[in-house]
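K.L.:
Below is the file target05.pdb, with PDB, C-alpha atoms and all ligand atoms.
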```
ATOM      1  CA  MET A 319      37.716  23.115  71.302
ATOM      2  CA  SER A 320      37.893  25.553  74.208
ATOM      3  CA  LYS A 321      41.520  24.425  74.711
ATOM      4  CA  ILE A 322      42.390  25.443  71.115
ATOM      5  CA  ILE A 323      40.685  28.819  71.607
ATOM      6  CA  LYS A 324      42.617  29.444  74.818
ATOM      7  CA  ASN A 325      45.934  28.486  73.217
ATOM      8  CA  ILE A 326      45.476  30.790  70.256
ATOM      9  CA  PHE A 327      44.367  33.658  72.476
ATOM     10  CA  VAL A 328      47.400  33.247  74.739
ATOM     11  CA  TRP A 329      49.692  32.894  71.716
ATOM     12  CA  PHE A 330      48.585  36.176  70.157
ATOM     13  CA  MET A 331      48.673  38.045  73.438
ATOM     14  CA  VAL A 332      52.177  36.800  74.229
ATOM     15  CA  VAL A 333      53.484  37.621  70.750
ATOM     16  CA  SER A 334      51.935  41.112  70.864
ATOM     17  CA  CYS A 335      53.280  41.838  74.345
ATOM     18  CA  LEU A 336      56.758  40.562  73.477
ATOM     19  CA  LEU A 337      56.866  42.585  70.289
ATOM     20  CA  LEU A 338      56.121  45.843  72.103
ATOM     21  CA  PRO A 339      59.314  46.132  74.190
ATOM     22  CA  VAL A 340      61.433  44.466  71.506
ATOM     23  CA  LEU A 341      60.312  46.958  68.871
ATOM     24  CA  SER A 342      60.702  49.836  71.340
ATOM     25  CA  TYR A 343      64.249  48.800  72.114
ATOM     26  CA  ALA A 344      65.106  48.167  68.459
ATOM     27  CA  ALA A 345      63.731  51.566  67.520
ATOM     28  CA  THR A 346      66.007  53.508  69.860
ATOM     29  CA  GLY A 347      68.433  51.360  71.816
ATOM     30  CA  ASP A 348      67.564  53.687  74.728
ATOM     31  CA  THR A 349      65.855  51.918  77.613
ATOM     32  CA  THR A 350      66.498  54.415  80.381
ATOM     33  CA  SER A 351      65.014  57.769  79.389
ATOM     34  CA  ASN A 352      61.572  59.103  80.273
ATOM     35  CA  LEU A 353      60.567  58.805  76.604
ATOM     36  CA  TRP A 354      59.240  55.268  77.178
ATOM     37  CA  PRO A 355      55.592  56.187  76.426
ATOM     38  CA  TRP A 356      56.779  57.611  73.110
ATOM     39  CA  TYR A 357      58.653  54.422  72.207
ATOM     40  CA  ILE A 358      55.646  52.341  73.208
ATOM     41  CA  THR A 359      53.379  54.553  71.054
ATOM     42  CA  ARG A 360      55.592  53.793  68.067
ATOM     43  CA  ALA A 361      55.968  50.088  68.790
ATOM     44  CA  SER A 362      52.268  49.527  69.521
ATOM     45  CA  GLY A 363      51.350  51.436  66.331
ATOM     46  CA  LEU A 364      53.514  49.064  64.307
ATOM     47  CA  VAL A 365      52.157  45.997  66.105
ATOM     48  CA  ALA A 366      48.597  47.222  65.471
ATOM     49  CA  TYR A 367      49.353  47.782  61.777
ATOM     50  CA  ILE A 368      50.874  44.297  61.385
ATOM     51  CA  LEU A 369      47.910  42.698  63.181
ATOM     52  CA  LEU A 370      45.538  44.646  60.911
ATOM     53  CA  PHE A 371      47.403  43.258  57.904
ATOM     54  CA  PHE A 372      46.963  39.662  59.147
ATOM     55  CA  LEU A 373      43.324  40.379  59.968
ATOM     56  CA  VAL A 374      42.613  41.603  56.409
ATOM     57  CA  ALA A 375      44.615  38.745  54.853
ATOM     58  CA  SER A 376      42.838  36.083  56.950
ATOM     59  CA  GLY A 377      39.449  37.704  56.222
ATOM     60  CA  VAL A 378      39.990  37.490  52.455
ATOM     61  CA  GLY A 379      41.431  33.987  52.905
ATOM     62  CA  ILE A 380      38.290  32.843  54.702
ATOM     63  CA  LYS A 381      35.851  34.522  52.320
ATOM     64  CA  THR A 382      37.531  33.169  49.184
ATOM     65  CA  SER A 383      38.326  29.808  50.906
ATOM     66  CA  TRP A 384      42.005  29.763  49.861
ATOM     67  CA  LEU A 385      43.026  29.717  53.540
ATOM     68  CA  PHE A 386      41.226  26.393  54.001
ATOM     69  CA  LYS A 387      43.893  24.737  51.848
ATOM     70  CA  PHE A 388      46.276  25.291  54.758
ATOM     71  CA  ILE A 389      44.123  25.318  57.914
ATOM     72  CA  SER A 390      40.631  24.137  58.865
ATOM     73  CA  PRO A 391      37.702  26.603  58.660
ATOM     74  CA  THR A 392      37.206  26.488  62.464
ATOM     75  CA  PHE A 393      40.871  27.246  63.107
ATOM     76  CA  ALA A 394      40.777  30.059  60.510
ATOM     77  CA  TRP A 395      37.696  31.673  62.115
ATOM     78  CA  ILE A 396      39.165  31.437  65.624
ATOM     79  CA  ASN A 397      42.402  33.047  64.408
ATOM     80  CA  HIS A 398      40.469  35.814  62.653
ATOM     81  CA  ARG A 399      38.507  36.597  65.825
ATOM     82  CA  TYR A 400      41.512  36.650  68.112
ATOM     83  CA  LEU A 401      43.538  38.744  65.690
ATOM     84  CA  GLY A 402      40.733  41.303  66.152
ATOM     85  CA  ILE A 403      41.107  41.121  69.948
ATOM     86  CA  ALA A 404      44.909  41.430  69.777
ATOM     87  CA  LEU A 405      44.513  44.402  67.383
ATOM     88  CA  SER A 406      42.174  46.121  69.862
ATOM     89  CA  ALA A 407      44.723  45.553  72.672
ATOM     90  CA  ALA A 408      47.523  47.078  70.551
ATOM     91  CA  VAL A 409      45.371  50.101  69.607
ATOM     92  CA  VAL A 410      44.409  50.697  73.269
ATOM     93  CA  THR A 411      48.154  50.563  74.160
ATOM     94  CA  HIS A 412      48.886  53.046  71.323
ATOM     95  CA  LEU A 413      46.299  55.490  72.705
ATOM     96  CA  ILE A 414      47.180  55.153  76.415
ATOM     97  CA  SER A 415      50.895  55.653  75.733
ATOM     98  CA  LEU A 416      50.079  58.740  73.607
ATOM     99  CA  LEU A 417      48.134  60.195  76.539
ATOM    100  CA  LEU A 418      50.987  59.403  78.975
ATOM    101  CA  ASP A 419      53.621  60.850  76.666
ATOM    102  CA  THR A 420      55.445  63.937  77.974
ATOM    103  CA  TYR A 421      57.258  64.632  74.690
ATOM    104  CA  LEU A 422      54.429  65.940  72.480
ATOM    105  CA  LYS A 423      51.894  66.260  75.342
ATOM    106  CA  PHE A 424      48.631  65.230  73.650
ATOM    107  CA  SER A 425      45.360  66.028  75.420
ATOM    108  CA  VAL A 426      42.334  63.690  75.387
ATOM    109  CA  ILE A 427      40.725  66.008  72.803
ATOM    110  CA  ASP A 428      43.856  65.866  70.586
ATOM    111  CA  VAL A 429      43.723  62.071  70.650
ATOM    112  CA  PHE A 430      39.985  61.598  70.041
ATOM    113  CA  VAL A 431      38.822  64.614  67.990
ATOM    114  CA  PRO A 432      40.149  64.899  64.425
ATOM    115  CA  PHE A 433      41.634  68.159  63.054
ATOM    116  CA  VAL A 434      42.179  69.722  66.513
ATOM    117  CA  SER A 435      45.880  69.066  67.197
ATOM    118  CA  ASN A 436      48.569  71.131  65.453
ATOM    119  CA  TYR A 437      50.886  68.109  65.211
ATOM    120  CA  LYS A 438      50.778  66.846  61.582
ATOM    121  CA  PRO A 439      46.967  67.426  61.585
ATOM    122  CA  LEU A 440      46.014  65.460  58.450
ATOM    123  CA  LEU A 441      48.085  62.387  59.315
ATOM    124  CA  LEU A 442      47.025  62.434  62.972
ATOM    125  CA  SER A 443      43.367  62.807  61.935
ATOM    126  CA  ALA A 444      43.765  59.806  59.623
ATOM    127  CA  GLY A 445      44.651  57.754  62.756
ATOM    128  CA  ILE A 446      41.629  59.126  64.647
ATOM    129  CA  ILE A 447      39.217  58.500  61.749
ATOM    130  CA  GLY A 448      40.751  55.014  61.415
ATOM    131  CA  LEU A 449      40.056  54.454  65.108
ATOM    132  CA  TYR A 450      36.344  55.235  64.665
ATOM    133  CA  ILE A 451      36.030  53.066  61.546
ATOM    134  CA  LEU A 452      37.755  50.261  63.467
ATOM    135  CA  LEU A 453      35.261  50.667  66.327
ATOM    136  CA  VAL A 454      32.330  50.403  63.882
ATOM    137  CA  VAL A 455      33.772  47.237  62.281
ATOM    138  CA  MET A 456      34.551  45.619  65.662
ATOM    139  CA  PHE A 457      31.242  46.575  67.268
ATOM    140  CA  SER A 458      29.196  45.400  64.271
ATOM    141  CA  SER A 459      31.087  42.083  64.295
ATOM    142  CA  LEU A 460      30.274  41.520  67.958
ATOM    143  CA  VAL A 461      26.654  42.689  67.904
ATOM    144  CA  THR A 462      25.082  42.551  64.426
ATOM    145  CA  ILE A 463      26.747  39.520  62.810
ATOM    146  CA  ASN A 464      23.918  37.097  63.732
ATOM    147  CA  LYS A 465      20.969  39.496  63.929
ATOM    148  CA  PHE A 466      21.655  41.597  60.801
ATOM    149  CA  PRO A 467      24.124  39.671  58.606
ATOM    150  CA  LYS A 468      23.589  41.937  55.558
ATOM    151  CA  ALA A 469      24.341  45.099  57.540
ATOM    152  CA  TRP A 470      27.354  43.383  59.114
ATOM    153  CA  ARG A 471      28.703  42.392  55.681
ATOM    154  CA  LEU A 472      28.313  45.944  54.332
ATOM    155  CA  LEU A 473      30.052  47.422  57.390
ATOM    156  CA  HIS A 474      32.812  44.823  57.096
ATOM    157  CA  TYR A 475      33.709  46.207  53.633
ATOM    158  CA  LEU A 476      34.914  49.298  55.538
ATOM    159  CA  THR A 477      38.017  47.235  56.380
ATOM    160  CA  TYR A 478      39.498  47.990  52.937
ATOM    161  CA  PRO A 479      39.409  51.822  53.239
ATOM    162  CA  LEU A 480      40.432  51.348  56.897
ATOM    163  CA  PHE A 481      43.619  49.587  55.821
ATOM    164  CA  ILE A 482      44.444  52.368  53.328
ATOM    165  CA  ILE A 483      43.796  55.118  55.931
ATOM    166  CA  LEU A 484      45.940  53.417  58.590
ATOM    167  CA  PHE A 485      48.659  52.605  56.046
ATOM    168  CA  ILE A 486      48.901  56.338  55.221
ATOM    169  CA  HIS A 487      48.768  57.271  58.933
ATOM    170  CA  GLY A 488      51.513  54.820  59.939
ATOM    171  CA  TYR A 489      53.808  55.230  56.934
ATOM    172  CA  PHE A 490      53.849  59.025  56.814
ATOM    173  CA  ILE A 491      53.599  59.943  60.518
ATOM    174  CA  GLY A 492      55.818  57.111  61.778
ATOM    175  CA  THR A 493      59.289  58.005  63.069
ATOM    176  CA  ASP A 494      60.356  54.444  62.292
ATOM    177  CA  THR A 495      59.593  54.605  58.563
ATOM    178  CA  LYS A 496      63.168  55.905  58.224
ATOM    179  CA  PHE A 497      64.391  52.333  58.876
ATOM    180  CA  ILE A 498      64.650  50.297  55.677
ATOM    181  CA  ILE A 499      63.203  47.184  57.370
ATOM    182  CA  ILE A 500      60.070  49.128  58.399
ATOM    183  CA  LYS A 501      59.755  50.591  54.883
ATOM    184  CA  LEU A 502      59.952  47.037  53.524
ATOM    185  CA  ILE A 503      57.231  45.862  55.945
ATOM    186  CA  TYR A 504      54.890  48.600  54.667
ATOM    187  CA  LEU A 505      55.781  47.873  51.036
ATOM    188  CA  ILE A 506      55.303  44.098  51.268
ATOM    189  CA  THR A 507      52.079  44.271  53.341
ATOM    190  CA  GLY A 508      50.692  47.043  51.100
ATOM    191  CA  VAL A 509      51.343  45.065  47.906
ATOM    192  CA  ILE A 510      49.864  41.867  49.415
ATOM    193  CA  VAL A 511      46.683  43.672  50.550
ATOM    194  CA  ALA A 512      46.320  45.370  47.122
ATOM    195  CA  TRP A 513      46.643  41.976  45.460
ATOM    196  CA  LEU A 514      44.204  40.336  47.914
ATOM    197  CA  SER A 515      41.662  43.138  47.381
ATOM    198  CA  LEU A 516      41.777  42.552  43.612
ATOM    199  CA  TYR A 517      41.394  38.815  44.181
ATOM    200  CA  ARG A 518      38.402  39.480  46.487
ATOM    201  CA  LEU A 519      36.838  41.681  43.788
ATOM    202  CA  TYR A 520      37.367  38.981  41.165
ATOM    203  CA  PHE A 521      35.787  36.409  43.533
ATOM    204  CA  PHE A 522      32.825  38.766  44.117
ATOM    205  CA  TYR A 523      32.041  39.027  40.380
ATOM    206  CA  LYS A 524      32.707  35.324  39.769
ATOM    207  CA  GLN A 525      30.081  34.470  42.417
ATOM    208  CA  LYS A 526      27.373  36.633  40.765
TER     209      LYS A 526
HETATM  210  C1  LIG B   1      43.255  52.961  64.922
HETATM  211  C2  LIG B   1      44.332  52.337  64.849
HETATM  212  C3  LIG B   1      45.729  52.913  64.713
HETATM  213  C4  LIG B   1      46.758  52.252  64.148
HETATM  214  C5  LIG B   1      46.706  50.849  63.555
HETATM  215  C6  LIG B   1      47.908  53.125  64.188
HETATM  216  C7  LIG B   1      49.143  52.798  63.686
HETATM  217  C8  LIG B   1      50.260  53.602  63.758
HETATM  218  C9  LIG B   1      51.542  53.275  63.190
HETATM  219  C10 LIG B   1      51.857  52.030  62.383
HETATM  220  C11 LIG B   1      52.401  54.269  63.497
HETATM  221  C12 LIG B   1      53.864  54.379  63.096
HETATM  222  C13 LIG B   1      54.787  53.992  64.237
HETATM  223  C14 LIG B   1      56.209  54.263  63.841
HETATM  224  O1  LIG B   1      56.633  53.829  62.786
HETATM  225  O2  LIG B   1      56.917  54.920  64.569
HETATM  226  C15 LIG B   1      51.654  55.261  64.242
HETATM  227  C16 LIG B   1      52.175  56.425  64.734
HETATM  228  C17 LIG B   1      51.473  57.394  65.403
HETATM  229  N1  LIG B   1      50.136  57.333  65.727
HETATM  230 FE1  LIG B   1      48.856  55.855  65.277
HETATM  231  N2  LIG B   1      47.564  54.322  64.789
HETATM  232  C18 LIG B   1      46.218  54.242  65.117
HETATM  233  C19 LIG B   1      45.478  55.231  65.736
HETATM  234  C20 LIG B   1      45.990  56.435  66.198
HETATM  235  C21 LIG B   1      45.208  57.449  66.880
HETATM  236  C22 LIG B   1      43.720  57.377  67.179
HETATM  237  C23 LIG B   1      46.059  58.428  67.208
HETATM  238  C24 LIG B   1      45.674  59.648  67.977
HETATM  239  C25 LIG B   1      45.753  60.792  67.575
HETATM  240  C26 LIG B   1      47.395  58.069  66.729
HETATM  241  C27 LIG B   1      48.552  58.827  66.854
HETATM  242  C28 LIG B   1      49.802  58.501  66.384
HETATM  243  C29 LIG B   1      51.002  59.328  66.499
HETATM  244  C30 LIG B   1      51.117  60.669  67.164
HETATM  245  C31 LIG B   1      52.041  58.620  65.881
HETATM  246  C32 LIG B   1      53.485  59.085  65.671
HETATM  247  C33 LIG B   1      54.470  58.284  66.451
HETATM  248  C34 LIG B   1      55.829  58.440  65.804
HETATM  249  O3  LIG B   1      56.321  59.538  65.667
HETATM  250  O4  LIG B   1      56.381  57.456  65.402
HETATM  251  N3  LIG B   1      47.302  56.849  66.118
HETATM  252  N4  LIG B   1      50.353  54.820  64.392
END
```
Any chance you could put this one into structure tokens?
Ligand code: HEM
P.N.:
Amino acid sequence: MSKIIKNIFVWFMVVSCLLLPVLSYAATGDTTSNLWPWYITRASGLVAYILLFFLVASGVGIKTSWLFKFISPTFAWINHRYLGIALSAAVVTHLISLLLDTYLKFSVIDVFVPFVSNYKPLLLSAGIIGLYILLVVMFSSLVTINKFPKAWRLLHYLTYPLFIILFIHGYFIGTDTKFIIIKLIYLITGVIVAWLSLYRLYFFYKQK
């Protein structure tokens, strides 16, 4: 079992780390300038968004059991957990590269306090609010899941508004949304999550 866990962890970390430079390069074709932190901010934002999509999809898949048609419950749970870890790593990269960036020059306060920066304030604040909601969901999953399962479940529902907030943040603030392939990624993931949310709602009422 511990071997499976290790493999999946390594797999996600490797994929996330490989995607960062590849997306950075694809976004600009410029690998020499001092704008690297800016490219990494953009690439890590996209990686984080994609990981969030898989996290939501696997969560609904586990809860409604449709995922178990394809993979075992243990494998599904392990994947779900490590997607959360990989997402945290991508978000930390997004924030560190923003702080290192010399292009827009964000301060620590700009990055952590909503409605302070003058750079696209609403869209930037959506990212910051998303960050805090993400912290609540992650922290409650690590700490309260066994001790207070009801509270954990309620807090976990925050994932749905979290996805909407980060979708808006990424789609409208992102430099890379101008690429048709990135637009398509947002469109396809957005439609799938909308559909999954409706399915989850249907499952909720069917269970009652
Ligand atoms: C909490 C999780 C977060 C996720 C999943 C996320 C995701 C994203 C995504 C997908 C993009 C678009 C990248 C592109 O297409 O170029 C983006 C861009 C950006 N994010 Fe975040 N973000 C998060 C938090 C934050 C926070 C807390 C800040 C701090 C203020 C922030 C600041 C920015 C900025 C400035 C950009 C613009 C980069 C550009 O011009 O492309 N984000 N983010």
K.L.:
Residues within 7 Å of ligand LIG 1 (chain B) (only C-alpha atoms and all ligand atoms), as a CSV table (one decimal) with C-alpha atoms, keeping the file's coordinate frame?
P.N.:
```
chain,number,residue,atom,x,y,z
A,359,THR,CA,53.4,54.6,71.1
A,360,ARG,CA,55.6,53.8,68.1
A,361,ALA,CA,56.0,50.1,68.8
A,363,GLY,CA,51.4,51.4,66.3
A,364,LEU,CA,53.5,49.1,64.3
A,366,ALA,CA,48.6,47.2,65.5
A,367,TYR,CA,49.4,47.8,61.8
A,370,LEU,CA,45.5,44.6,60.9
A,409,VAL,CA,45.4,50.1,69.6
A,412,HIS,CA,48.9,53.0,71.3
A,413,LEU,CA,46.3,55.5,72.7
A,416,LEU,CA,50.1,58.7,73.6
A,428,ASP,CA,43.9,65.9,70.6
A,429,VAL,CA,43.7,62.1,70.6
A,430,PHE,CA,40.0,61.6,70.0
A,442,LEU,CA,47.0,62.4,63.0
A,443,SER,CA,43.4,62.8,61.9
A,445,GLY,CA,44.7,57.8,62.8
A,446,ILE,CA,41.6,59.1,64.6
A,448,GLY,CA,40.8,55.0,61.4
A,449,LEU,CA,40.1,54.5,65.1
A,452,LEU,CA,37.8,50.3,63.5
A,484,LEU,CA,45.9,53.4,58.6
A,487,HIS,CA,48.8,57.3,58.9
A,488,GLY,CA,51.5,54.8,59.9
A,489,TYR,CA,53.8,55.2,56.9
A,491,ILE,CA,53.6,59.9,60.5
A,492,GLY,CA,55.8,57.1,61.8
A,493,THR,CA,59.3,58.0,63.1
A,494,ASP,CA,60.4,54.4,62.3
A,495,THR,CA,59.6,54.6,58.6
```
K.L.:
Expressed in Å to a single decimal, how great is the separation between CA of Trp354 (chain A) and CA of Ser415 (chain A)?
P.N.:
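Straight-line distance from CA of Trp354 (chain A) to CA of Ser415 (chain A) works out to 8.5 Å.
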K.L.:
What is the CA of Leu473 (chain A)-CA of Lys438 (chain A) distance in Å, reported with one decimal?
P.N.:
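Answer for the CA of Leu473 (chain A) to CA of Lys438 (chain A) separation: 28.7 Å.
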K.L.:
Provide the CA of Val410 (chain A) to CA of Lys496 (chain A) distance in Å, to one decimal place.
P.N.:
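We find that CA of Val410 (chain A) and CA of Lys496 (chain A) lie 24.6 Å from each other.
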K.L.:
Considering only C-alpha atoms, can you say which of A:Pro479, A:Phe485, A:Lys387, A:Ile414 comes closest to Ile506 (chain A)?
P.N.:
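Nearest to Ile506 (chain A): A:Phe485.
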K.L.:
Choose the residue, out of A:Val454, A:Leu514, A:Ile389, A:Leu353, that has the smallest atom-to-atom separation from His474 (chain A); count only C-alpha atoms.
P.N.:
A:Val454
K.L.:
When you count all atoms listed in the file, which of these residues is closest to Ile510 (chain A): A:Phe481, A:Phe433, A:Trp356, A:Tyr475?
P.N.:
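Among the listed residues, A:Phe481 lies closest to Ile510 (chain A).
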K.L.:
What lies within 8 Å of Thr382 (chain A) using only C-alpha atoms, ignoring chain neighbours under 3 positions off, as a list in words?
P.N.:
Val378, Gly379, Leu385, Arg518 and Phe521 of chain A
K.L.:
Here's the selection I'm unsure about, the PyMOL selection byres (((chain A and resi 398) around 12) and not hetatm); applied to the file above, which residues does it give, as a PyMOL selection string?
P.N.:
chain A and resi 323+326-327+330+369-381+385+391-397+399-405+456+459
K.L.:
With all atoms listed in the file as the atoms that count, which of A:Val434, A:Val426, A:Ile503, A:Leu480 lies nearest to Ile451 (chain A)?
P.N.:
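Residue with the minimum atom-to-atom distance to Ile451 (chain A): A:Leu480.
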K.L.:
Just region 337-430 of chain A from the block, C-alpha atoms, as a PDB file, in the first residue's frame, could you?
P.N.:
```
ATOM      1  CA  LEU A 337       4.169  21.297 -16.608  1.00  0.00           C
ATOM      2  CA  LEU A 338       5.499  24.491 -15.030  1.00  0.00           C
ATOM      3  CA  PRO A 339       8.472  25.135 -17.350  1.00  0.00           C
ATOM      4  CA  VAL A 340       6.675  23.652 -20.358  1.00  0.00           C
ATOM      5  CA  LEU A 341       3.707  25.976 -19.912  1.00  0.00           C
ATOM      6  CA  SER A 342       6.034  28.917 -19.230  1.00  0.00           C
ATOM      7  CA  TYR A 343       7.936  28.258 -22.424  1.00  0.00           C
ATOM      8  CA  ALA A 344       4.773  27.659 -24.455  1.00  0.00           C
ATOM      9  CA  ALA A 345       3.289  30.886 -23.147  1.00  0.00           C
ATOM     10  CA  THR A 346       6.134  33.085 -24.370  1.00  0.00           C
ATOM     11  CA  GLY A 347       8.854  31.226 -26.232  1.00  0.00           C
ATOM     12  CA  ASP A 348      11.230  33.497 -24.271  1.00  0.00           C
ATOM     13  CA  THR A 349      13.508  31.609 -21.901  1.00  0.00           C
ATOM     14  CA  THR A 350      16.216  34.200 -21.397  1.00  0.00           C
ATOM     15  CA  SER A 351      14.651  37.371 -20.006  1.00  0.00           C
ATOM     16  CA  ASN A 352      14.339  38.361 -16.356  1.00  0.00           C
ATOM     17  CA  LEU A 353      10.559  37.906 -16.604  1.00  0.00           C
ATOM     18  CA  TRP A 354      10.850  34.261 -15.493  1.00  0.00           C
ATOM     19  CA  PRO A 355       8.943  34.793 -12.207  1.00  0.00           C
ATOM     20  CA  TRP A 356       6.108  36.278 -14.253  1.00  0.00           C
ATOM     21  CA  TYR A 357       5.994  33.283 -16.601  1.00  0.00           C
ATOM     22  CA  ILE A 358       6.092  30.923 -13.635  1.00  0.00           C
ATOM     23  CA  THR A 359       3.230  32.860 -11.981  1.00  0.00           C
ATOM     24  CA  ARG A 360       1.133  32.282 -15.091  1.00  0.00           C
ATOM     25  CA  ALA A 361       2.112  28.646 -15.554  1.00  0.00           C
ATOM     26  CA  SER A 362       1.663  27.724 -11.881  1.00  0.00           C
ATOM     27  CA  GLY A 363      -1.740  29.480 -11.857  1.00  0.00           C
ATOM     28  CA  LEU A 364      -2.863  27.309 -14.761  1.00  0.00           C
ATOM     29  CA  VAL A 365      -1.443  24.147 -13.188  1.00  0.00           C
ATOM     30  CA  ALA A 366      -3.225  24.995  -9.919  1.00  0.00           C
ATOM     31  CA  TYR A 367      -6.514  25.571 -11.759  1.00  0.00           C
ATOM     32  CA  ILE A 368      -6.242  22.253 -13.637  1.00  0.00           C
ATOM     33  CA  LEU A 369      -5.400  20.389 -10.414  1.00  0.00           C
ATOM     34  CA  LEU A 370      -8.392  22.051  -8.723  1.00  0.00           C
ATOM     35  CA  PHE A 371     -10.587  20.813 -11.568  1.00  0.00           C
ATOM     36  CA  PHE A 372      -9.379  17.211 -11.085  1.00  0.00           C
ATOM     37  CA  LEU A 373      -9.783  17.566  -7.325  1.00  0.00           C
ATOM     38  CA  VAL A 374     -13.439  18.656  -7.676  1.00  0.00           C
ATOM     39  CA  ALA A 375     -14.146  15.993 -10.323  1.00  0.00           C
ATOM     40  CA  SER A 376     -12.595  13.197  -8.221  1.00  0.00           C
ATOM     41  CA  GLY A 377     -14.431  14.454  -5.108  1.00  0.00           C
ATOM     42  CA  VAL A 378     -17.820  14.237  -6.838  1.00  0.00           C
ATOM     43  CA  GLY A 379     -16.774  10.906  -8.374  1.00  0.00           C
ATOM     44  CA  ILE A 380     -16.009   9.477  -4.943  1.00  0.00           C
ATOM     45  CA  LYS A 381     -19.114  10.862  -3.248  1.00  0.00           C
ATOM     46  CA  THR A 382     -21.493   9.638  -5.956  1.00  0.00           C
ATOM     47  CA  SER A 383     -19.451   6.403  -6.465  1.00  0.00           C
ATOM     48  CA  TRP A 384     -19.279   6.716 -10.272  1.00  0.00           C
ATOM     49  CA  LEU A 385     -15.467   6.830 -10.068  1.00  0.00           C
ATOM     50  CA  PHE A 386     -15.443   3.349  -8.526  1.00  0.00           C
ATOM     51  CA  LYS A 387     -16.563   1.939 -11.881  1.00  0.00           C
ATOM     52  CA  PHE A 388     -13.079   2.778 -13.150  1.00  0.00           C
ATOM     53  CA  ILE A 389     -10.769   2.634 -10.111  1.00  0.00           C
ATOM     54  CA  SER A 390     -10.914   1.119  -6.621  1.00  0.00           C
ATOM     55  CA  PRO A 391     -12.149   3.272  -3.697  1.00  0.00           C
ATOM     56  CA  THR A 392      -8.696   3.165  -2.028  1.00  0.00           C
ATOM     57  CA  PHE A 393      -6.965   4.302  -5.211  1.00  0.00           C
ATOM     58  CA  ALA A 394      -9.588   7.050  -5.693  1.00  0.00           C
ATOM     59  CA  TRP A 395      -9.116   8.368  -2.127  1.00  0.00           C
ATOM     60  CA  ILE A 396      -5.315   8.337  -2.416  1.00  0.00           C
ATOM     61  CA  ASN A 397      -5.521  10.249  -5.710  1.00  0.00           C
ATOM     62  CA  HIS A 398      -7.925  12.777  -4.193  1.00  0.00           C
ATOM     63  CA  ARG A 399      -5.575  13.405  -1.259  1.00  0.00           C
ATOM     64  CA  TYR A 400      -2.462  13.799  -3.361  1.00  0.00           C
ATOM     65  CA  LEU A 401      -4.216  16.051  -5.852  1.00  0.00           C
ATOM     66  CA  GLY A 402      -4.784  18.318  -2.825  1.00  0.00           C
ATOM     67  CA  ILE A 403      -1.059  18.233  -1.984  1.00  0.00           C
ATOM     68  CA  ALA A 404      -0.037  18.925  -5.597  1.00  0.00           C
ATOM     69  CA  LEU A 405      -2.570  21.804  -5.714  1.00  0.00           C
ATOM     70  CA  SER A 406      -1.040  23.314  -2.561  1.00  0.00           C
ATOM     71  CA  ALA A 407       2.455  23.052  -4.122  1.00  0.00           C
ATOM     72  CA  ALA A 408       1.257  24.821  -7.300  1.00  0.00           C
ATOM     73  CA  VAL A 409      -0.460  27.594  -5.294  1.00  0.00           C
ATOM     74  CA  VAL A 410       2.679  28.146  -3.165  1.00  0.00           C
ATOM     75  CA  THR A 411       4.712  28.407  -6.426  1.00  0.00           C
ATOM     76  CA  HIS A 412       2.138  30.908  -7.794  1.00  0.00           C
ATOM     77  CA  LEU A 413       2.516  33.097  -4.690  1.00  0.00           C
ATOM     78  CA  ILE A 414       6.326  32.909  -4.369  1.00  0.00           C
ATOM     79  CA  SER A 415       6.829  33.774  -8.046  1.00  0.00           C
ATOM     80  CA  LEU A 416       4.410  36.729  -7.670  1.00  0.00           C
ATOM     81  CA  LEU A 417       6.508  38.024  -4.769  1.00  0.00           C
ATOM     82  CA  LEU A 418       9.754  37.563  -6.756  1.00  0.00           C
ATOM     83  CA  ASP A 419       8.329  39.234  -9.845  1.00  0.00           C
ATOM     84  CA  THR A 420       9.998  42.511 -10.866  1.00  0.00           C
ATOM     85  CA  TYR A 421       7.426  43.335 -13.559  1.00  0.00           C
ATOM     86  CA  LEU A 422       4.377  44.314 -11.475  1.00  0.00           C
ATOM     87  CA  LYS A 423       6.274  44.419  -8.142  1.00  0.00           C
ATOM     88  CA  PHE A 424       3.689  43.037  -5.697  1.00  0.00           C
ATOM     89  CA  SER A 425       4.296  43.526  -1.975  1.00  0.00           C
ATOM     90  CA  VAL A 426       3.421  40.893   0.656  1.00  0.00           C
ATOM     91  CA  ILE A 427       0.355  42.994   1.562  1.00  0.00           C
ATOM     92  CA  ASP A 428      -0.752  43.137  -2.112  1.00  0.00           C
ATOM     93  CA  VAL A 429      -0.554  39.350  -2.313  1.00  0.00           C
ATOM     94  CA  PHE A 430      -2.289  38.489   0.976  1.00  0.00           C
TER      95      PHE A 430
END
```
